[in-house]
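> Before anything else, here's the structure in question.
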Amino acid sequence: MTALRWGILGPGGIANAFVKDLRTAGLTIEAVASRSIERAQTFADTYEIPRAHGSYLALAQDPDVDIVYIATTHPQHVAPALLMLEHGKHVLIEKAITANAHEAQLIADAAARHGRLALEAMWTRYLPHMARIREIIAAGTLGDVVALTADHTQKLSSDPNHRINNPELGGGALLDLGIYPISFAWDIFGKPETVTATGTLGATGTDTQVQATFTYSGGRVASTFSSAIARGATAATIMGTEASMYIDPVWYGATSFRVVATDGTVLETYKSHIEGRGMQFQALAAEQLVAAGDLTGGLLPIAESVGIMQTLDEIRRQIGVVYPSDSGELVLH
């Protein structure tokens, strides 16, 4: 038993992976909710979760749930998050946190109003190798960090009815895949001064490939690439004036990296050794934040998640991707 009792909202594929890692960490899962009680019950039976709810409201009203993991599609994050916050629950919301920055700000405002934690589930930030990367940079081992490159490329479904190709579900490479390297660039460099993006669109109007370049003070630059139609290296590099860091595929999961000086000397080799996929670390971080009374978000403050969504909005504006949810009307189902 842990301090917080978890509820799961949206028992899909990512929720399956998350719950497996929560079990690995010994965290407490009390309930699951879906719009289909049959789907919720099947999920509850699979993972021996005590209660299954056939509505999000029932989960919000469950007195034995303290924090809710929201695992629906991007445009369907904001309404359930607001509902949970209004009923006194903390929320951990799958990335991208919403479909656009307006929705992310609504969540940030509600969390502040109700005195609850709202955290984006960018699990990569909490992995041990990422913690070590930040330590190395802070120690000055790389010298002045001047550039970052990262890609997230996968060959996903070409079916026009698949959610990755559905504008109503926030489909496209950017929000599913590009969010990883873009959030990584924010983690290392902060808010970009300029954003320049190009992309290609599929038949349904969602983005299939996106290249984004960010510039920062002091001439620093980050380059990110995402593709949903081809698998590439899925690696990352952080370059400094004294050394560079080469993060192995897949860089956003538990992996290895090398720190290599400009003369070719290998300064450090790191290899990850964790149990499970590694999604438990974000849940543990959420529990620690709540226990400490820190509702800002720690490694990923909610204000930064809003800023990242503003960057994604600007990229979509430049490449011409528009979602129905951009109208400002909440998706309540």
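Identifiers in the structure tokens: chain A, B, ... in order shown; residue index from 1 per chain; ligand index from 1 in order shown.
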Residues of stretch 3-157 of chain A classed as alpha helix (DSSP H) by DSSP on the backbone are to be reported as a ChimeraX atom specification.
/A:13-24,37-47,56-60,78-86,101-114,128-138
> To test your reading of the structure, identify every residue in stretch 97-208 of chain A that backbone DSSP assigns to strand (DSSP E or B), and report it as a PyMOL selection string.
chain A and resi 118-121+145-153+155+194-201+207-208
> Hey, what's within 10 Å of stretch 242-245 of chain A if we count only C-alpha atoms and toss same-chain stuff fewer than 3 positions away? As a ChimeraX atom specification, please?
/A:133,136-137,140-148,236-239,248,257-269
> Show me, as CSV, the residues of stretch 256-310 of chain A having an atom within 10 Å of stretch 181-197 of chain A, each with the closest atom pair and its distance in Å, using only C-alpha atoms.

residue,atom,partner,partner_atom,distance
A:Leu299,CA,A:Asp187,CA,8.5
A:Leu300,CA,A:Asp187,CA,8.2
A:Glu304,CA,A:Trp186,CA,8.3
A:Ser305,CA,A:Ser183,CA,8.5
A:Gly307,CA,A:Lys191,CA,7.4
A:Ile308,CA,A:Ser183,CA,6.7
A:Met309,CA,A:Ser183,CA,9.6
> So that I can see what lies close to A:His87, please list as a list in words the residues with an atom at most 9 Å from it, counting only C-alpha atoms and leaving out residues fewer than 5 positions away in the same chain.
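My reading of the contact set: Ala60, Gln61, Leu82 and His114 of chain A.
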> Keeping only C-alpha atoms, take the residues you just selected and write them out as a PDB file, in the first residue's frame.

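Contents of the output file out18.pdb:
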ATOM      1  CA  ALA A  60     -14.554  11.319  -9.748  1.00  0.00           C
ATOM      2  CA  GLN A  61     -16.977  10.557  -6.910  1.00  0.00           C
ATOM      3  CA  LEU A  82     -11.333  19.253 -15.014  1.00  0.00           C
ATOM      4  CA  HIS A 114      -8.657  23.448  -6.309  1.00  0.00           C
TER       5      HIS A 114
END
> Figure out the distance between atom CA of A:Lys95 and atom CA of A:Leu59, please, to one decimal in Å.
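For atom CA of A:Leu59 relative to atom CA of A:Lys95, the distance reads 20.9 Å.
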> Extract, using only C-alpha atoms, all DNA, RNA and protein residues at most 12 Å from A:Ile164, discarding same-chain residues fewer than 4 positions from it, and format them as a list in words.
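Contacts, in chain order: Thr73, His74, Gln154, Lys155, Leu156, Ser157, Ser158, Asp159, Pro160, Glu168, Leu169, Gly170, Gly171, Gly172, Ala173, Leu174, Leu175, Asp176, Leu177, Gly202, Thr204, Gly205, Thr206, Asp207, Thr208, Ser227, Ala228 and Ile229 of chain A.
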> Between atom CA of A:His152 and atom CA of A:Arg231, what is the spacing in Å?
8.3 Å
> One number please: atom CA of A:Gly115 to atom CA of A:Pro75, in Å, one decimal.
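Going from atom CA of A:Gly115 over to atom CA of A:Pro75 covers 23.7 Å.
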> Taking 2 positions as the minimum chain separation for residues in the same chain, which residues sit within 10 Å of A:Val19 when counting only C-alpha atoms? Answer as a list in words.
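Using only C-alpha atoms, the neighbours found are Trp6, Ile8, Pro11, Ile14, Ala15, Asn16, Ala17, Asp21, Leu22, Arg23, Thr24, Ala25, Leu27, Thr28, Ile29, Tyr47, Ile49, Tyr69, Met279 and Gln280 of chain A.
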> Which is closer to A:Leu83 than all the others in A:Ala111, A:Leu4, A:Tyr246, A:Tyr323, using only C-alpha atoms?
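Under the stated criterion, the closest residue is A:Ala111.
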